[in-house]
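Text of start00.cif, listed as mmCIF, C-alpha atoms and all ligand atoms:
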```cif
data_run
loop_
_atom_site.label_atom_id
_atom_site.label_comp_id
_atom_site.auth_asym_id
_atom_site.auth_seq_id
_atom_site.Cartn_x
_atom_site.Cartn_y
_atom_site.Cartn_z
CA MET S 1 27.59 -22.99 -14.69
CA LYS S 2 25.82 -24.55 -17.60
CA PHE S 3 23.14 -21.90 -17.33
CA ASN S 4 25.71 -19.06 -17.37
CA LYS S 5 27.40 -20.44 -20.44
CA ALA S 6 24.08 -20.74 -22.18
CA LEU S 7 23.17 -17.19 -21.26
CA ILE S 8 26.46 -15.86 -22.65
CA ALA S 9 25.81 -17.75 -25.84
CA LEU S 10 22.40 -16.14 -26.02
CA LEU S 11 23.81 -12.65 -25.42
CA ILE S 12 26.54 -13.08 -28.03
CA CYS S 13 23.95 -14.23 -30.47
CA LEU S 14 21.71 -11.21 -29.78
CA GLY S 15 24.71 -8.87 -29.88
CA PHE S 16 25.74 -10.16 -33.26
CA LEU S 17 22.27 -9.60 -34.67
CA SER S 18 22.04 -6.02 -33.42
CA CYS S 19 25.52 -5.12 -34.79
CA LYS S 20 24.47 -6.29 -38.19
CA GLU S 21 21.37 -4.11 -37.93
CA ASP S 22 23.52 -1.04 -37.13
CA THR S 23 25.83 -1.39 -40.13
CA LYS S 24 22.87 -1.57 -42.41
CA LYS S 25 21.52 1.68 -41.00
CA LEU S 26 24.89 3.45 -41.46
CA ASP S 27 24.86 2.71 -45.16
CA LEU S 28 21.53 4.38 -45.64
CA GLU S 29 21.62 7.39 -43.35
CA PRO S 30 23.77 10.51 -43.80
CA ILE S 31 26.47 11.21 -41.27
CA ALA S 32 24.88 12.78 -38.21
CA GLU S 33 25.07 16.58 -38.06
CA VAL S 34 26.08 18.45 -34.89
CA ILE S 35 23.12 18.47 -32.57
CA GLU S 36 22.42 21.65 -30.62
CA PRO S 37 21.60 20.87 -26.99
CA GLU S 38 17.94 21.47 -26.16
CA PRO S 39 17.50 24.63 -24.07
CA ILE S 40 16.61 23.80 -20.48
CA THR S 41 13.13 24.95 -19.63
CA GLU S 42 11.33 24.87 -16.33
CA PHE S 43 8.09 26.50 -15.20
CA GLY S 44 7.65 27.52 -18.85
CA PHE S 45 10.83 29.68 -18.92
CA VAL S 46 14.13 29.13 -20.70
CA LEU S 47 16.43 29.07 -17.69
CA ASP S 48 19.53 30.11 -19.68
CA GLU S 49 18.06 33.55 -20.15
CA TYR S 50 18.20 34.28 -16.41
CA ILE S 51 20.32 33.97 -13.32
CA VAL S 52 18.41 31.33 -11.41
CA LYS S 53 18.35 31.61 -7.61
CA ARG S 54 16.73 28.80 -5.69
CA ASP S 55 15.94 28.74 -1.99
CA THR S 56 13.26 27.68 0.49
CA ILE S 57 10.95 29.86 2.54
CA LYS S 58 12.56 30.40 5.96
CA ALA S 59 10.75 31.06 9.23
CA GLY S 60 9.91 34.77 9.34
CA ASP S 61 10.22 35.16 5.56
CA SER S 62 7.55 36.97 3.62
CA PHE S 63 7.05 37.74 -0.03
CA GLY S 64 8.05 41.36 0.68
CA LYS S 65 11.18 40.47 2.66
CA ILE S 66 12.42 38.09 -0.03
CA LEU S 67 12.04 40.68 -2.78
CA GLN S 68 13.48 43.43 -0.60
CA ARG S 69 16.58 41.30 0.08
CA ASN S 70 16.91 41.06 -3.69
CA ASN S 71 16.96 44.80 -4.35
CA ILE S 72 13.35 45.47 -5.18
CA SER S 73 12.04 48.70 -3.70
CA TYR S 74 9.10 48.77 -1.35
CA PRO S 75 6.73 50.73 -3.66
CA LYS S 76 7.41 48.20 -6.42
CA ILE S 77 6.77 45.28 -4.04
CA TYR S 78 3.47 46.87 -3.03
CA GLN S 79 2.53 47.27 -6.67
CA ILE S 80 3.36 43.63 -7.43
CA ALA S 81 1.43 42.35 -4.41
CA GLU S 82 -1.61 44.43 -5.34
CA LYS S 83 -1.72 43.25 -8.93
CA ALA S 84 -1.04 39.60 -8.07
CA LYS S 85 -3.47 39.32 -5.20
CA ASP S 86 -6.42 38.01 -7.19
CA SER S 87 -4.52 34.96 -8.38
CA PHE S 88 -2.09 34.44 -5.51
CA ASP S 89 -2.32 35.18 -1.80
CA ILE S 90 1.22 36.21 -0.86
CA ARG S 91 0.50 35.57 2.84
CA LYS S 92 0.16 31.88 2.09
CA LEU S 93 3.91 31.17 1.77
CA GLN S 94 4.77 28.12 3.88
CA THR S 95 8.06 27.67 5.69
CA GLY S 96 10.18 24.99 4.04
CA LYS S 97 8.61 25.22 0.58
CA PRO S 98 10.95 25.91 -2.34
CA TYR S 99 10.92 29.08 -4.40
CA THR S 100 12.89 30.27 -7.41
CA LEU S 101 13.85 33.77 -8.49
CA LEU S 102 14.56 34.34 -12.16
CA CYS S 103 16.89 37.35 -12.22
CA ALA S 104 18.20 39.61 -14.97
CA LYS S 105 21.61 38.67 -16.34
CA ASP S 106 23.21 41.98 -15.40
CA SER S 107 25.25 43.35 -12.52
CA LEU S 108 22.19 44.20 -10.41
CA GLN S 109 20.62 40.77 -10.93
CA THR S 110 17.17 42.23 -10.34
CA PRO S 111 14.48 39.55 -10.00
CA ARG S 112 12.04 39.37 -12.89
CA CYS S 113 9.96 36.48 -11.68
CA PHE S 114 9.10 34.84 -8.39
CA ILE S 115 8.08 31.18 -8.55
CA TYR S 116 6.72 29.44 -5.48
CA GLN S 117 6.11 25.67 -5.20
CA PRO S 118 3.41 24.76 -2.66
CA SER S 119 3.63 21.10 -3.76
CA LEU S 120 5.77 18.87 -5.93
CA SER S 121 3.53 19.29 -8.93
CA GLU S 122 2.03 22.76 -8.45
CA TYR S 123 3.79 26.11 -8.87
CA VAL S 124 2.78 29.75 -8.71
CA VAL S 125 4.41 32.28 -11.01
CA VAL S 126 4.47 35.97 -10.13
CA ASN S 127 5.86 37.56 -13.25
CA PHE S 128 6.89 41.21 -13.09
CA GLN S 129 9.34 41.61 -15.93
CA ASP S 130 6.95 43.63 -18.07
CA SER S 131 3.37 43.82 -16.96
CA ILE S 132 2.72 42.29 -13.57
CA HIS S 133 0.70 39.09 -13.59
CA ALA S 134 0.41 35.92 -11.53
CA TYR S 135 -0.89 32.44 -12.23
CA THR S 136 -0.84 28.93 -10.87
CA SER S 137 0.32 26.06 -13.03
CA ARG S 138 1.12 22.39 -12.76
CA LYS S 139 4.09 20.39 -13.85
CA PRO S 140 2.99 17.62 -16.17
CA ILE S 141 2.16 14.43 -14.34
CA THR S 142 2.73 11.13 -16.02
CA TYR S 143 1.50 7.72 -15.01
CA ILE S 144 3.59 4.74 -15.96
CA GLU S 145 2.08 1.31 -15.90
CA LYS S 146 4.30 -1.46 -14.55
CA THR S 147 4.05 -5.08 -13.54
CA ALA S 148 5.61 -6.93 -10.66
CA THR S 149 5.65 -10.49 -9.44
CA GLY S 150 6.90 -12.14 -6.29
CA VAL S 151 7.03 -15.34 -4.31
CA ILE S 152 6.60 -15.13 -0.55
CA GLU S 153 9.52 -16.40 1.51
CA SER S 154 8.45 -14.99 4.86
CA SER S 155 6.40 -11.82 4.46
CA ILE S 156 5.13 -9.75 1.56
CA SER S 157 7.00 -6.61 2.64
CA GLU S 158 10.26 -8.56 2.70
CA THR S 159 9.61 -9.96 -0.78
CA LEU S 160 8.88 -6.47 -2.13
CA GLN S 161 11.91 -4.97 -0.41
CA GLU S 162 14.23 -7.58 -1.93
CA LYS S 163 12.93 -6.58 -5.35
CA GLY S 164 13.24 -2.85 -4.66
CA LEU S 165 9.48 -2.32 -4.94
CA SER S 166 7.47 0.25 -3.01
CA PRO S 167 6.21 -0.84 0.43
CA ARG S 168 2.98 0.94 -0.52
CA LEU S 169 2.28 -2.02 -2.80
CA ALA S 170 2.26 -4.36 0.21
CA PHE S 171 0.10 -1.97 2.16
CA LYS S 172 -2.42 -1.67 -0.64
CA LEU S 173 -2.55 -5.40 -1.30
CA ALA S 174 -2.83 -6.36 2.37
CA ASP S 175 -4.94 -3.57 3.80
CA GLU S 176 -7.06 -2.41 0.92
CA ILE S 177 -7.49 -5.06 -1.72
CA TYR S 178 -7.25 -8.39 0.09
CA ALA S 179 -7.95 -7.32 3.71
CA TRP S 180 -11.23 -9.26 3.64
CA THR S 181 -10.17 -12.34 1.70
CA ILE S 182 -6.59 -13.21 2.63
CA ASP S 183 -5.13 -13.16 6.11
CA PHE S 184 -1.68 -11.68 5.51
CA ARG S 185 -0.53 -12.83 8.95
CA ARG S 186 -0.88 -16.37 7.70
CA LEU S 187 0.77 -16.27 4.29
CA GLN S 188 2.39 -19.53 3.27
CA LYS S 189 5.89 -19.90 1.96
CA GLY S 190 5.45 -20.22 -1.80
CA ASP S 191 2.36 -17.99 -1.98
CA ARG S 192 2.84 -15.79 -5.01
CA PHE S 193 1.46 -12.72 -6.64
CA LYS S 194 1.38 -10.64 -9.81
CA VAL S 195 0.29 -7.03 -9.98
CA ILE S 196 -0.36 -4.47 -12.70
CA TYR S 197 0.08 -1.07 -11.12
CA THR S 198 0.72 2.57 -12.00
CA ASP S 199 3.49 4.78 -10.66
CA LYS S 200 3.15 8.53 -10.65
CA TYR S 201 5.88 10.85 -11.94
CA ILE S 202 6.23 14.61 -12.23
CA ASN S 203 8.02 15.85 -15.37
CA ASP S 204 8.66 12.19 -16.28
CA THR S 205 11.53 12.09 -13.81
CA THR S 206 10.50 12.82 -10.23
CA TYR S 207 9.00 9.70 -8.69
CA VAL S 208 6.06 10.65 -6.51
CA GLY S 209 4.82 7.23 -5.55
CA LEU S 210 2.41 4.44 -6.26
CA HIS S 211 -0.73 5.76 -7.94
CA ASN S 212 -2.95 2.71 -7.96
CA ILE S 213 -3.17 -1.02 -8.48
CA LYS S 214 -5.16 -1.84 -11.59
CA ALA S 215 -5.27 -5.58 -11.16
CA ALA S 216 -3.75 -8.22 -8.96
CA TYR S 217 -3.47 -11.97 -8.72
CA PHE S 218 -2.62 -13.59 -5.43
CA GLU S 219 -2.15 -17.31 -5.01
CA HIS S 220 -2.61 -18.30 -1.39
CA ASN S 221 -2.38 -21.96 -0.38
CA GLY S 222 -2.61 -22.84 -4.06
CA GLU S 223 -5.90 -20.98 -4.41
CA PRO S 224 -6.09 -18.07 -6.89
CA PHE S 225 -7.54 -14.69 -5.92
CA TYR S 226 -8.03 -12.14 -8.69
CA ALA S 227 -8.71 -8.46 -8.06
CA PHE S 228 -9.65 -5.82 -10.63
CA GLU S 229 -10.22 -2.18 -9.90
CA PHE S 230 -13.45 -0.86 -11.35
CA GLU S 231 -15.36 2.37 -11.13
CA THR S 232 -18.91 1.67 -10.02
CA ASP S 233 -20.02 5.27 -9.76
CA SER S 234 -18.42 7.69 -12.17
CA ILE S 235 -20.27 10.68 -10.70
CA LYS S 236 -19.11 10.09 -7.14
CA GLY S 237 -15.85 8.55 -8.40
CA ILE S 238 -16.33 5.37 -6.37
CA ARG S 239 -13.89 2.59 -7.25
CA ASP S 240 -13.71 -0.85 -5.78
CA TYR S 241 -12.04 -4.20 -6.32
CA PHE S 242 -13.93 -7.18 -7.68
CA ASN S 243 -12.91 -10.70 -8.58
CA GLU S 244 -13.20 -12.49 -11.93
CA ASP S 245 -16.89 -13.23 -11.25
CA ALA S 246 -17.68 -9.58 -10.44
CA LYS S 247 -17.92 -10.33 -6.71
CA ASN S 248 -16.83 -7.50 -4.41
CA LEU S 249 -13.63 -8.35 -2.57
CA ARG S 250 -14.65 -6.27 0.37
CA ARG S 251 -16.81 -7.83 3.00
CA ALA S 252 -19.19 -6.07 5.27
CA PHE S 253 -16.83 -7.12 8.12
CA LEU S 254 -13.06 -6.90 8.58
CA LYS S 255 -11.32 -10.20 9.33
CA ALA S 256 -9.93 -8.88 12.61
CA PRO S 257 -10.55 -5.89 14.89
CA VAL S 258 -6.80 -5.44 15.43
CA GLN S 259 -4.01 -5.13 12.88
CA PHE S 260 -0.91 -7.29 13.21
CA SER S 261 -2.38 -9.31 16.06
CA ARG S 262 -2.27 -13.01 16.82
CA ILE S 263 -5.29 -15.16 17.60
CA SER S 264 -4.60 -16.47 21.10
CA SER S 265 -7.86 -18.36 21.54
CA ARG S 266 -10.52 -19.25 19.03
CA TYR S 267 -14.27 -19.56 19.39
CA ASN S 268 -14.77 -22.98 20.97
CA LEU S 269 -17.97 -24.29 22.53
CA ASN S 270 -16.16 -27.36 23.89
CA ARG S 271 -13.34 -25.55 25.65
CA ARG S 272 -12.26 -27.11 28.96
CA ILE S 273 -9.90 -25.29 31.27
CA ALA S 274 -7.58 -27.02 33.77
CA TYR S 275 -7.96 -24.15 36.22
CA TYR S 276 -11.69 -24.89 36.46
CA GLY S 277 -11.13 -28.66 36.93
CA TYR S 278 -11.52 -29.33 33.17
CA LYS S 279 -15.13 -28.26 33.35
CA LEU S 280 -16.76 -27.18 30.15
CA ARG S 281 -16.14 -23.43 29.76
CA PRO S 282 -17.30 -22.56 26.25
CA HIS S 283 -15.44 -19.66 24.68
CA LYS S 284 -17.88 -17.71 22.55
CA GLY S 285 -15.37 -15.14 21.39
CA THR S 286 -12.18 -14.96 19.39
CA ASP S 287 -9.21 -13.58 21.31
CA PHE S 288 -6.77 -11.35 19.46
CA ALA S 289 -3.60 -10.74 21.48
CA ALA S 290 -1.67 -7.50 20.90
CA PRO S 291 0.37 -5.10 23.05
CA LEU S 292 -1.41 -2.87 25.55
CA GLY S 293 -2.69 0.29 23.91
CA THR S 294 -2.99 -1.16 20.37
CA PRO S 295 -6.00 0.42 18.61
CA ILE S 296 -9.14 -1.71 18.27
CA MET S 297 -11.20 -1.07 15.14
CA ALA S 298 -14.88 -1.43 14.42
CA THR S 299 -15.07 -4.35 11.99
CA ALA S 300 -18.09 -2.83 10.21
CA ASN S 301 -20.21 0.32 10.08
CA GLY S 302 -22.80 0.59 12.81
CA THR S 303 -24.16 2.29 15.90
CA VAL S 304 -22.64 1.87 19.36
CA THR S 305 -25.29 0.30 21.61
CA GLU S 306 -23.09 -0.16 24.68
CA SER S 307 -19.87 1.44 25.89
CA THR S 308 -19.50 0.52 29.52
CA ARG S 309 -17.70 -1.57 32.16
CA ARG S 310 -19.25 -4.72 33.53
CA GLY S 311 -17.88 -7.70 35.52
CA GLY S 312 -15.66 -10.14 33.66
CA ASN S 313 -16.09 -8.26 30.37
CA GLY S 314 -14.20 -5.30 31.75
CA LYS S 315 -14.50 -2.18 29.62
CA TYR S 316 -16.26 -3.06 26.41
CA VAL S 317 -18.06 -1.71 23.36
CA LYS S 318 -20.95 -3.29 21.49
CA ILE S 319 -21.97 -2.20 18.01
CA ARG S 320 -25.19 -2.98 16.15
CA HIS S 321 -24.55 -3.20 12.42
CA ASN S 322 -28.00 -4.10 11.14
CA ALA S 323 -31.00 -6.22 12.08
CA THR S 324 -28.86 -9.38 11.89
CA TYR S 325 -25.38 -8.56 13.14
CA SER S 326 -23.76 -7.02 16.21
CA THR S 327 -20.16 -7.17 17.40
CA GLN S 328 -18.66 -6.77 20.85
CA TYR S 329 -15.12 -5.97 22.00
CA LEU S 330 -14.05 -6.83 25.57
CA HIS S 331 -11.25 -6.08 28.08
CA MET S 332 -10.39 -2.64 26.66
CA LYS S 333 -7.95 -0.38 28.40
CA ALA S 334 -10.27 2.47 27.48
CA GLN S 335 -13.13 3.10 25.08
CA ASN S 336 -12.99 5.75 22.39
CA VAL S 337 -16.72 5.89 21.56
CA LYS S 338 -19.99 6.67 23.32
CA LYS S 339 -23.36 4.95 23.29
CA GLY S 340 -25.42 6.14 20.32
CA GLN S 341 -22.39 7.12 18.23
CA TYR S 342 -22.22 6.03 14.59
CA VAL S 343 -18.92 4.38 13.65
CA LYS S 344 -17.45 3.33 10.35
CA GLN S 345 -15.51 0.21 9.49
CA GLY S 346 -11.89 0.71 10.62
CA ASP S 347 -12.66 3.50 13.14
CA VAL S 348 -10.71 3.20 16.39
CA ILE S 349 -13.27 2.42 19.09
CA GLY S 350 -10.86 1.70 21.96
CA TRP S 351 -7.47 0.29 22.90
CA ILE S 352 -6.20 -3.16 23.90
CA GLY S 353 -6.20 -3.66 27.65
CA MET S 354 -6.81 -6.33 30.26
CA THR S 355 -9.81 -5.09 32.25
CA GLY S 356 -12.22 -7.74 33.62
CA ASN S 357 -11.22 -11.42 33.44
CA SER S 358 -8.16 -11.33 31.27
CA GLY S 359 -4.88 -13.17 31.65
CA GLY S 360 -2.99 -10.87 29.29
CA PRO S 361 -3.55 -7.93 26.96
CA HIS S 362 -6.04 -8.94 24.27
CA VAL S 363 -9.45 -8.15 22.88
CA CYS S 364 -12.15 -10.79 23.08
CA TYR S 365 -14.13 -10.26 19.89
CA ARG S 366 -17.72 -11.50 20.00
CA PHE S 367 -19.78 -11.83 16.90
CA TRP S 368 -23.55 -11.83 17.23
CA LYS S 369 -25.87 -13.13 14.51
CA ASN S 370 -29.59 -12.94 15.24
CA ASP S 371 -28.78 -12.50 18.95
CA LYS S 372 -26.65 -15.65 19.09
CA GLN S 373 -22.86 -15.66 19.35
CA VAL S 374 -21.24 -17.39 16.37
CA ASP S 375 -17.70 -17.95 15.09
CA PRO S 376 -16.92 -15.14 12.62
CA LEU S 377 -14.00 -17.13 11.21
CA ARG S 378 -16.44 -19.79 10.06
CA GLU S 379 -19.25 -17.51 8.97
CA LYS S 380 -19.77 -16.75 5.34
CA LEU S 381 -19.83 -13.00 5.81
CA PRO S 382 -21.94 -10.80 3.58
CA GLU S 383 -20.30 -9.13 0.59
CA ALA S 384 -19.91 -5.34 0.79
CA GLU S 385 -21.73 -3.83 -2.18
CA PRO S 386 -22.29 -6.20 -5.06
CA ILE S 387 -21.80 -4.84 -8.54
CA SER S 388 -25.12 -3.79 -10.06
CA ALA S 389 -26.65 -6.12 -12.63
CA SER S 390 -26.51 -3.37 -15.27
CA LEU S 391 -22.76 -2.91 -14.77
CA LYS S 392 -21.83 -6.55 -14.54
CA LEU S 393 -21.54 -7.20 -18.29
CA LYS S 394 -19.57 -3.99 -18.77
CA TYR S 395 -17.27 -5.07 -15.97
CA LEU S 396 -16.68 -8.54 -17.41
CA ASP S 397 -15.89 -7.01 -20.81
CA TYR S 398 -13.51 -4.55 -19.22
CA ILE S 399 -11.53 -7.13 -17.24
CA ALA S 400 -11.24 -9.82 -19.93
CA PRO S 401 -8.11 -8.39 -21.63
CA ILE S 402 -6.61 -7.34 -18.30
CA LYS S 403 -7.02 -10.84 -16.92
CA THR S 404 -5.32 -12.27 -20.00
CA ARG S 405 -2.45 -9.83 -19.52
CA LEU S 406 -2.16 -10.81 -15.88
CA ASP S 407 -2.20 -14.50 -16.74
CA VAL S 408 0.63 -14.27 -19.25
CA ILE S 409 2.99 -12.35 -16.94
CA PRO S 410 5.50 -15.04 -16.12
CA MET S 411 6.42 -15.61 -12.50
CA ASP S 412 10.13 -15.15 -11.78
CA GLU S 413 10.91 -18.83 -11.70
CA GLU S 414 8.95 -19.41 -14.90
CA LEU S 415 10.99 -16.64 -16.50
CA LYS S 416 14.24 -18.31 -15.45
CA ASP S 417 12.94 -21.59 -16.81
CA GLN S 418 12.07 -19.92 -20.10
CA ILE S 419 15.52 -18.34 -20.50
CA ALA S 420 17.18 -21.60 -19.58
CA GLN S 421 14.92 -23.38 -22.05
CA SER S 422 15.61 -20.99 -24.93
CA SER S 423 19.36 -20.99 -24.29
CA ASN S 424 19.28 -24.77 -24.34
CA ASP S 425 17.60 -24.54 -27.71
CA ILE S 426 20.36 -22.27 -29.01
CA ASN S 427 22.97 -24.64 -27.65
CA LEU S 428 21.32 -27.49 -29.48
CA GLN S 429 21.36 -25.57 -32.73
CA THR S 430 24.98 -24.49 -32.51
CA GLN S 431 26.32 -27.90 -31.60
ZN ZN G 501 -12.24 -14.33 24.77
#
```

Kindly transcribe the structure held in the file into structure tokens.
Ligand SMILES: [Zn+2]
Amino acid sequence: MKFNKALIALLICLGFLSCKEDTKKLDLEPIAEVIEPEPITEFGFVLDEYIVKRDTIKAGDSFGKILQRNNISYPKIYQIAEKAKDSFDIRKLQTGKPYTLLCAKDSLQTPRCFIYQPSLSEYVVVNFQDSIHAYTSRKPITYIEKTATGVIESSISETLQEKGLSPRLAFKLADEIYAWTIDFRRLQKGDRFKVIYTDKYINDTTYVGLHNIKAAYFEHNGEPFYAFEFETDSIKGIRDYFNEDAKNLRRAFLKAPVQFSRISSRYNLNRRIAYYGYKLRPHKGTDFAAPLGTPIMATANGTVTESTRRGGNGKYVKIRHNATYSTQYLHMKAQNVKKGQYVKQGDVIGWIGMTGNSGGPHVCYRFWKNDKQVDPLREKLPEAEPISASLKLKYLDYIAPIKTRLDVIPMDEELKDQIAQSSNDINLQTQ
């Protein structure tokens, strides 16, 4: 209640100031003249000058059929197609894509222009009002930089949804930027984030989607994780995310071979199992439980050294990543790779099953370092590609102002506190 009252006071105060500003302006400026409405243009044409017919390509439609339906004779269609063919292949019309006919404003309504839109931003104009010519053009694309903040209640997607933000943001944060550093299955209530990102628009109005995340800050368990996008190879256009110390956020290995899984049993050399009379049965793998048929991914690039079925392991795949590391994936329903095949990080190498000794559907993930099985969750895994020494200074210079910007974005609750604080101040002054 007190807060509301304070807010109203603040608004009234602001309102009063802006009214005063307006009256001042009125004194100085002449009375506004009648403003002609701007002509509506699209595809570089003033639409008012034509009868505009819009439709989509139907199954069985062709460039010829569409024009014929609209009273253009066959010889003329042939002539248009011939002249346009160098810039536009009329056979490439795709069912479902929109097209526009700009027609003469007379009783015949003869088409003057055919405009085809193969994508949201691209359009092809076949102009035959005077000389016949065709060209491809693009609607202007604009990128708008925005910021967002959030506090995790249960999951990141829920937090974003509540704020009306794109789910692509969650995907990018969880699967691209922080996939190697933060386990998004184990977010804590109160974890919070800030992002500076760019949305893509066509013609300033049509929202196409998230373009990229420029920088992010994620606080997990009270620990800060910064991420800044940086181009490390301008020729190949390679971009990556690095932290405030120029360390690559990617690791040579993914945190888990299965998405959205649950760890059902960790690596444990002292495991004792009741079934075996509490005898020591060390578990040298990490079990990730997931439904039957869930894809299993290679956690790093490498070459498949084994893809076979043997005893308690069931169907399994083993991958050699380099002289130091190999990984192994057991109890698959089926393998998706062959011995000798090169796989990349994230490639699907098989599917969750329960072949061999397995109480339920899971993958037993074994991590080999110098031919010994170790616990990957406790290993300090190698960084992907470190930033080159020559680029490091440039990088640090580049991120300094962005980091400052990120740091001063208030979190939601801080913002509320600030408004409450400033309204209290106003209250104090007016009393
Ligand atoms: Zn296991």

Counting only C-alpha atoms and all ligand atoms, which residues of chain S sit at most 7 Å from some atom of ligand ZN 501 (chain G), and what is each one's closest atom pair with its distance in Å to one decimal, listed by chain and rising residue number, as a tab-separated table?
```
residue	atom	partner	partner_atom	distance
S:Ser265	CA	G:ZN501	ZN	6.8
S:His283	CA	G:ZN501	ZN	6.2
S:Lys284	CA	G:ZN501	ZN	6.9
S:Gly285	CA	G:ZN501	ZN	4.7
S:Thr286	CA	G:ZN501	ZN	5.4
S:Asp287	CA	G:ZN501	ZN	4.7
S:Cys364	CA	G:ZN501	ZN	3.9
S:Tyr365	CA	G:ZN501	ZN	6.6
```

Self-check item: Shell of 10 Å around region 42-50 of chain S, only C-alpha atoms, local chain residues under 6 positions omitted, as number ranges by chain
Solution: S: 100-106, 109, 111-113, 115, 122-125, 137-139, 203

Quiz prompt | Expected residue set, 10 Å radius at (-8.0, -10.1, 30.0), all atoms listed in the file, as a PyMOL selection string | solution = chain S and resi 287+289+312-314+330-333+352-364

Practice problem: Select, from S:Phe253, S:Tyr241, S:Tyr78, S:Phe128, the residue with the minimum atom-to-atom distance to Ser326 (chain S), counting all atoms listed in the file. | Solution: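 Looking only at the distances to Ser326 (chain S), the closest residue turns out to be S:Phe253.
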
Quiz item: What lies within 12 Å of Phe171 (chain S) using only C-alpha atoms, ignoring chain neighbours under 4 positions off, as a ChimeraX atom specification?
Solution: /S:155-157,160,165-167,175-179,184,210,212-213,259

Exercise. Compare S:Ile196, S:Leu377, S:Val348, S:Leu269 by their minimum atom-to-atom distance to Val408 (chain S), counting all atoms listed in the file, and give me the closest one.
Key: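 Smallest distance to Val408 (chain S) is found for S:Ile196.
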
Polymer residues at most 12 Å from (-20.4, 2.3, 28.3) by all atoms listed in the file, as a PDB file with C-alpha atoms, in the coordinates of the input:
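Saved the output as point_25.pdb:
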```pdb
ATOM      1  CA  VAL S 304     -22.640   1.870  19.360  1.00  0.00           C
ATOM      2  CA  THR S 305     -25.290   0.300  21.610  1.00  0.00           C
ATOM      3  CA  GLU S 306     -23.090  -0.160  24.680  1.00  0.00           C
ATOM      4  CA  SER S 307     -19.870   1.440  25.890  1.00  0.00           C
ATOM      5  CA  THR S 308     -19.500   0.520  29.520  1.00  0.00           C
ATOM      6  CA  ARG S 309     -17.700  -1.570  32.160  1.00  0.00           C
ATOM      7  CA  ARG S 310     -19.250  -4.720  33.530  1.00  0.00           C
ATOM      8  CA  ASN S 313     -16.090  -8.260  30.370  1.00  0.00           C
ATOM      9  CA  GLY S 314     -14.200  -5.300  31.750  1.00  0.00           C
ATOM     10  CA  LYS S 315     -14.500  -2.180  29.620  1.00  0.00           C
ATOM     11  CA  TYR S 316     -16.260  -3.060  26.410  1.00  0.00           C
ATOM     12  CA  VAL S 317     -18.060  -1.710  23.360  1.00  0.00           C
ATOM     13  CA  LYS S 318     -20.950  -3.290  21.490  1.00  0.00           C
ATOM     14  CA  ILE S 319     -21.970  -2.200  18.010  1.00  0.00           C
ATOM     15  CA  GLN S 328     -18.660  -6.770  20.850  1.00  0.00           C
ATOM     16  CA  TYR S 329     -15.120  -5.970  22.000  1.00  0.00           C
ATOM     17  CA  LEU S 330     -14.050  -6.830  25.570  1.00  0.00           C
ATOM     18  CA  MET S 332     -10.390  -2.640  26.660  1.00  0.00           C
ATOM     19  CA  ALA S 334     -10.270   2.470  27.480  1.00  0.00           C
ATOM     20  CA  GLN S 335     -13.130   3.100  25.080  1.00  0.00           C
ATOM     21  CA  ASN S 336     -12.990   5.750  22.390  1.00  0.00           C
ATOM     22  CA  VAL S 337     -16.720   5.890  21.560  1.00  0.00           C
ATOM     23  CA  LYS S 338     -19.990   6.670  23.320  1.00  0.00           C
ATOM     24  CA  LYS S 339     -23.360   4.950  23.290  1.00  0.00           C
ATOM     25  CA  GLY S 340     -25.420   6.140  20.320  1.00  0.00           C
ATOM     26  CA  GLN S 341     -22.390   7.120  18.230  1.00  0.00           C
ATOM     27  CA  ILE S 349     -13.270   2.420  19.090  1.00  0.00           C
ATOM     28  CA  GLY S 350     -10.860   1.700  21.960  1.00  0.00           C
TER      29      GLY S 350
END
```

Selecting N, CA and C atoms, how would region 309-316 of chain S from this structure be written as a compact mmCIF listing (two decimals), in the first residue's frame?
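Output file out_21.txt is given in full below:
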```txt
# COMPACT_ATOMS: atom_id res chain seq x y z
N ARG S 309 29.33 -55.36 -28.91
CA ARG S 309 28.53 -55.84 -27.77
C ARG S 309 29.39 -56.84 -27.01
N ARG S 310 29.52 -56.63 -25.70
CA ARG S 310 30.33 -57.56 -24.93
C ARG S 310 29.83 -57.64 -23.48
N GLY S 311 29.49 -58.87 -23.05
CA GLY S 311 29.15 -59.19 -21.66
C GLY S 311 28.27 -58.17 -20.97
N GLY S 312 28.69 -57.81 -19.74
CA GLY S 312 27.92 -56.89 -18.92
C GLY S 312 27.82 -55.48 -19.49
N ASN S 313 28.74 -55.10 -20.36
CA ASN S 313 28.71 -53.77 -20.97
C ASN S 313 27.54 -53.61 -21.94
N GLY S 314 27.06 -54.74 -22.46
CA GLY S 314 26.02 -54.67 -23.47
C GLY S 314 26.56 -54.05 -24.74
N LYS S 315 25.71 -53.34 -25.46
CA LYS S 315 26.17 -52.65 -26.66
C LYS S 315 26.84 -51.35 -26.23
N TYR S 316 28.06 -51.14 -26.69
CA TYR S 316 28.74 -49.93 -26.26
C TYR S 316 29.61 -49.34 -27.37
```
